[in-house]
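Colleague: For reference, the file model.txt (compact mmCIF, C-alpha atoms) is included below:
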```
# COMPACT_ATOMS: atom_id res chain seq x y z
CA MET A 1 -25.06 -54.43 6.91
CA PRO A 2 -21.32 -55.16 6.76
CA GLU A 3 -19.64 -52.46 4.71
CA GLN A 4 -16.20 -51.08 3.95
CA LYS A 5 -15.10 -47.86 2.26
CA ALA A 6 -12.27 -48.05 -0.24
CA ILE A 7 -10.42 -45.87 -2.73
CA VAL A 8 -9.73 -47.07 -6.27
CA ALA A 9 -5.98 -46.60 -6.63
CA ALA A 10 -5.32 -48.06 -10.09
CA GLU A 11 -4.35 -45.30 -12.53
CA ILE A 12 -6.94 -46.49 -15.06
CA GLY A 13 -9.61 -47.10 -12.42
CA LEU A 14 -11.58 -50.35 -12.45
CA HIS A 15 -11.18 -51.14 -16.13
CA ALA A 16 -9.74 -54.19 -17.86
CA ARG A 17 -7.09 -55.89 -15.75
CA ALA A 18 -7.72 -54.02 -12.48
CA ALA A 19 -11.44 -54.80 -12.67
CA ALA A 20 -10.74 -58.46 -13.47
CA VAL A 21 -8.41 -58.78 -10.47
CA PHE A 22 -11.01 -57.20 -8.19
CA VAL A 23 -13.92 -59.29 -9.50
CA ARG A 24 -11.86 -62.47 -9.14
CA ALA A 25 -11.07 -61.55 -5.52
CA VAL A 26 -14.76 -60.91 -4.83
CA THR A 27 -15.76 -64.22 -6.44
CA ASP A 28 -13.15 -66.05 -4.35
CA THR A 29 -14.83 -64.83 -1.15
CA GLY A 30 -18.08 -66.56 -2.12
CA LEU A 31 -19.98 -63.52 -0.84
CA PRO A 32 -22.60 -61.49 -2.74
CA VAL A 33 -20.66 -58.22 -2.49
CA THR A 34 -21.98 -55.02 -4.01
CA ILE A 35 -19.96 -51.94 -4.89
CA ARG A 36 -21.20 -48.39 -5.34
CA LYS A 37 -20.13 -44.80 -5.41
CA GLN A 38 -21.19 -42.72 -2.41
CA ASP A 39 -24.32 -41.44 -4.12
CA GLY A 40 -24.80 -44.28 -6.60
CA GLU A 41 -26.78 -47.46 -6.90
CA PRO A 42 -25.02 -50.70 -5.90
CA VAL A 43 -23.88 -53.12 -8.59
CA ASP A 44 -22.90 -56.76 -8.26
CA ALA A 45 -19.15 -56.80 -7.61
CA ARG A 46 -18.99 -60.39 -8.94
CA SER A 47 -19.91 -59.13 -12.42
CA LEU A 48 -17.02 -57.84 -14.53
CA LEU A 49 -19.44 -56.18 -16.94
CA GLU A 50 -21.34 -54.35 -14.17
CA VAL A 51 -18.12 -53.19 -12.47
CA MET A 52 -16.57 -51.92 -15.71
CA THR A 53 -19.81 -50.25 -16.86
CA GLU A 54 -20.16 -48.27 -13.62
CA ASP A 55 -16.91 -46.37 -14.35
CA PHE A 56 -15.14 -46.42 -11.00
CA GLY A 57 -12.23 -44.12 -11.85
CA HIS A 58 -8.86 -43.50 -10.22
CA GLY A 59 -9.30 -41.95 -6.77
CA CYS A 60 -13.00 -42.80 -6.65
CA GLU A 61 -14.32 -43.57 -3.16
CA VAL A 62 -16.54 -46.65 -3.16
CA LEU A 63 -18.56 -48.58 -0.64
CA LEU A 64 -18.38 -52.39 -0.54
CA GLU A 65 -21.39 -54.03 1.11
CA VAL A 66 -22.92 -57.42 1.90
CA ALA A 67 -26.55 -57.61 3.01
CA PRO A 68 -26.88 -59.43 6.36
CA ASP A 69 -29.51 -61.78 4.95
CA ALA A 70 -27.05 -62.79 2.21
CA LEU A 71 -24.45 -64.23 4.57
CA ILE A 72 -23.38 -67.74 3.80
CA SER A 73 -24.50 -70.24 6.42
CA GLY A 74 -21.99 -70.36 9.24
CA GLN A 75 -20.26 -67.06 8.42
CA THR A 76 -20.13 -64.37 11.04
CA VAL A 77 -20.29 -60.63 10.53
CA PRO A 78 -16.63 -60.23 11.66
CA GLU A 79 -15.56 -62.78 9.01
CA VAL A 80 -17.45 -60.86 6.34
CA GLU A 81 -15.98 -57.57 7.54
CA SER A 82 -12.51 -59.12 7.29
CA ALA A 83 -13.24 -60.21 3.71
CA LEU A 84 -14.42 -56.69 2.84
CA THR A 85 -11.23 -55.23 4.35
CA ALA A 86 -9.18 -57.56 2.14
CA LEU A 87 -11.18 -56.48 -0.92
CA SER A 88 -10.58 -52.86 0.03
CA ALA A 89 -6.85 -53.62 -0.03
CA VAL A 90 -7.20 -55.03 -3.54
CA LEU A 91 -8.80 -51.77 -4.67
CA GLY A 92 -6.07 -49.83 -2.90
CA ALA A 93 -3.29 -51.57 -4.79
CA THR A 94 -1.84 -49.22 -7.41
CA GLU A 95 -1.01 -52.00 -9.86
CA ALA A 96 -3.18 -54.82 -11.13
CA ARG A 97 -1.48 -58.17 -10.80
```
Would you put the structure from the file into structure tokens?

Modeller:
Amino acid sequence: MPEQKAIVAAEIGLHARAAAVFVRAVTDTGLPVTIRKQDGEPVDARSLLEVMTEDFGHGCEVLLEVAPDALISGQTVPEVESALTALSAVLGATEAR
């Protein structure tokens, strides 16, 4: 399963604007990405409500994942890993755009 660890850098965590920026970036990939805390259940990272409800606070380590059977036809695992790395960078940005 392609996965990527990330740290939520936004001072307010994934709430309001920061969450919207992240969810938009996930949606733009076209991938069914999930996000979860180390010991938590995964939530759909394309859902603003699910992401905001999970309370991913400042400094929280999260895991971004895409199930191998959910890959879009023609996409390779390295392409998905690259997309997850880019999403990790979005979470690592200290300011929401």

Colleague: Do you know which residues are at most 12 Å from Val43 of chain A counting all atoms listed in the file, after dropping those on the same chain fewer than 2 positions away, and could you put them as a list of chain:residue names?

Modeller: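 Neighbouring residues, sequence-local ones excluded: A:Val23, A:Pro32, A:Val33, A:Thr34, A:Ile35, A:Arg36, A:Lys37, A:Gly40, A:Glu41, A:Ala45, A:Arg46, A:Ser47, A:Leu48, A:Leu49, A:Glu50, A:Val51, A:Met52, A:Thr53, A:Glu54, A:Asp55, A:Phe56, A:Val62, A:Leu63, A:Leu64, A:Glu65, A:Val66.
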
Colleague: From the set A:Ala25, A:Ala10, A:Leu87, A:Gly30, which residue has the shortest atom-to-atom contact distance to Cys60 of chain A, counting only C-alpha atoms?

Modeller: A:Ala10

Colleague: As a PyMOL selection string, please: the residues near Ser82 of chain A (cut-off 12 Å, all atoms listed in the file, same-chain neighbours under 4 positions excluded).

Modeller: chain A and resi 2-4+29+31+64-66+75-78+86-89

Colleague: Hey, can you spit out that residue selection with C-alpha atoms as a CSV table (one decimal), in the coordinates of the input?

Modeller:
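Okay, this is what ended up in selection-v1.csv:
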```csv
chain,number,residue,atom,x,y,z
A,2,PRO,CA,-21.3,-55.2,6.8
A,3,GLU,CA,-19.6,-52.5,4.7
A,4,GLN,CA,-16.2,-51.1,4.0
A,29,THR,CA,-14.8,-64.8,-1.2
A,31,LEU,CA,-20.0,-63.5,-0.8
A,64,LEU,CA,-18.4,-52.4,-0.5
A,65,GLU,CA,-21.4,-54.0,1.1
A,66,VAL,CA,-22.9,-57.4,1.9
A,75,GLN,CA,-20.3,-67.1,8.4
A,76,THR,CA,-20.1,-64.4,11.0
A,77,VAL,CA,-20.3,-60.6,10.5
A,78,PRO,CA,-16.6,-60.2,11.7
A,86,ALA,CA,-9.2,-57.6,2.1
A,87,LEU,CA,-11.2,-56.5,-0.9
A,88,SER,CA,-10.6,-52.9,0.0
A,89,ALA,CA,-6.8,-53.6,0.0
```

Colleague: In Å, with one decimal, what is the gap from atom CA of Glu81 of chain A to atom CA of Ala93 of chain A?

Modeller: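 Spanning atom CA of Glu81 of chain A to atom CA of Ala93 of chain A is a straight-line distance of 18.7 Å.
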
Colleague: Measure the distance from atom CA of Ala83 of chain A to atom CA of Arg24 of chain A in Å and round it to one decimal.

Modeller: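 About the pair atom CA of Ala83 of chain A and atom CA of Arg24 of chain A: they are 13.1 Å apart.
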
Colleague: Once N, CA, C and O atoms are restored for segment 57-75 of chain A, what would the output be as an mmCIF file, in the frame of the given file?

Modeller:
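Final file, rebuild27.cif:
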```
data_model
loop_
_atom_site.group_PDB
_atom_site.id
_atom_site.type_symbol
_atom_site.label_atom_id
_atom_site.label_comp_id
_atom_site.auth_asym_id
_atom_site.auth_seq_id
_atom_site.Cartn_x
_atom_site.Cartn_y
_atom_site.Cartn_z
ATOM 1 N N GLY A 57 -13.509 -44.671 -11.422
ATOM 2 C CA GLY A 57 -12.230 -44.120 -11.850
ATOM 3 C C GLY A 57 -11.192 -44.039 -10.746
ATOM 4 O O GLY A 57 -11.470 -44.272 -9.561
ATOM 5 N N HIS A 58 -9.981 -43.681 -11.153
ATOM 6 C CA HIS A 58 -8.860 -43.500 -10.220
ATOM 7 C C HIS A 58 -9.240 -42.482 -9.147
ATOM 8 O O HIS A 58 -9.755 -41.406 -9.437
ATOM 9 N N GLY A 59 -9.019 -42.840 -7.895
ATOM 10 C CA GLY A 59 -9.300 -41.950 -6.770
ATOM 11 C C GLY A 59 -10.754 -41.951 -6.312
ATOM 12 O O GLY A 59 -11.090 -41.272 -5.347
ATOM 13 N N CYS A 60 -11.578 -42.725 -6.982
ATOM 14 C CA CYS A 60 -13.000 -42.800 -6.650
ATOM 15 C C CYS A 60 -13.190 -43.513 -5.302
ATOM 16 O O CYS A 60 -12.609 -44.568 -5.063
ATOM 17 N N GLU A 61 -13.987 -42.911 -4.411
ATOM 18 C CA GLU A 61 -14.320 -43.570 -3.160
ATOM 19 C C GLU A 61 -15.545 -44.460 -3.396
ATOM 20 O O GLU A 61 -16.530 -44.006 -3.974
ATOM 21 N N VAL A 62 -15.437 -45.707 -2.973
ATOM 22 C CA VAL A 62 -16.540 -46.650 -3.160
ATOM 23 C C VAL A 62 -16.908 -47.281 -1.827
ATOM 24 O O VAL A 62 -16.144 -47.235 -0.863
ATOM 25 N N LEU A 63 -18.093 -47.876 -1.810
ATOM 26 C CA LEU A 63 -18.560 -48.580 -0.640
ATOM 27 C C LEU A 63 -18.822 -50.033 -1.033
ATOM 28 O O LEU A 63 -19.564 -50.295 -1.974
ATOM 29 N N LEU A 64 -18.174 -50.950 -0.338
ATOM 30 C CA LEU A 64 -18.380 -52.390 -0.540
ATOM 31 C C LEU A 64 -19.345 -52.851 0.540
ATOM 32 O O LEU A 64 -19.172 -52.522 1.718
ATOM 33 N N GLU A 65 -20.369 -53.617 0.152
ATOM 34 C CA GLU A 65 -21.390 -54.030 1.110
ATOM 35 C C GLU A 65 -21.827 -55.473 0.874
ATOM 36 O O GLU A 65 -21.764 -55.967 -0.243
ATOM 37 N N VAL A 66 -22.275 -56.104 1.957
ATOM 38 C CA VAL A 66 -22.920 -57.420 1.900
ATOM 39 C C VAL A 66 -24.154 -57.328 2.788
ATOM 40 O O VAL A 66 -24.051 -56.976 3.962
ATOM 41 N N ALA A 67 -25.312 -57.636 2.228
ATOM 42 C CA ALA A 67 -26.550 -57.610 3.010
ATOM 43 C C ALA A 67 -26.508 -58.714 4.068
ATOM 44 O O ALA A 67 -26.069 -59.830 3.774
ATOM 45 N N PRO A 68 -26.931 -58.428 5.297
ATOM 46 C CA PRO A 68 -26.880 -59.430 6.360
ATOM 47 C C PRO A 68 -27.635 -60.716 6.021
ATOM 48 O O PRO A 68 -27.204 -61.801 6.390
ATOM 49 N N ASP A 69 -28.738 -60.586 5.300
ATOM 50 C CA ASP A 69 -29.510 -61.780 4.950
ATOM 51 C C ASP A 69 -28.857 -62.594 3.841
ATOM 52 O O ASP A 69 -29.319 -63.675 3.502
ATOM 53 N N ALA A 70 -27.752 -62.088 3.282
ATOM 54 C CA ALA A 70 -27.050 -62.790 2.210
ATOM 55 C C ALA A 70 -25.828 -63.552 2.713
ATOM 56 O O ALA A 70 -25.103 -64.144 1.928
ATOM 57 N N LEU A 71 -25.605 -63.535 4.023
ATOM 58 C CA LEU A 71 -24.450 -64.230 4.570
ATOM 59 C C LEU A 71 -24.565 -65.728 4.338
ATOM 60 O O LEU A 71 -25.638 -66.311 4.462
ATOM 61 N N ILE A 72 -23.441 -66.302 4.002
ATOM 62 C CA ILE A 72 -23.380 -67.740 3.800
ATOM 63 C C ILE A 72 -23.532 -68.425 5.147
ATOM 64 O O ILE A 72 -22.999 -67.961 6.156
ATOM 65 N N SER A 73 -24.264 -69.508 5.179
ATOM 66 C CA SER A 73 -24.500 -70.240 6.420
ATOM 67 C C SER A 73 -23.186 -70.487 7.156
ATOM 68 O O SER A 73 -22.228 -70.990 6.586
ATOM 69 N N GLY A 74 -23.165 -70.114 8.413
ATOM 70 C CA GLY A 74 -21.990 -70.360 9.240
ATOM 71 C C GLY A 74 -21.010 -69.200 9.273
ATOM 72 O O GLY A 74 -20.083 -69.211 10.063
ATOM 73 N N GLN A 75 -21.177 -68.196 8.411
ATOM 74 C CA GLN A 75 -20.260 -67.060 8.420
ATOM 75 C C GLN A 75 -20.752 -66.012 9.412
ATOM 76 O O GLN A 75 -21.945 -65.760 9.539
#
```
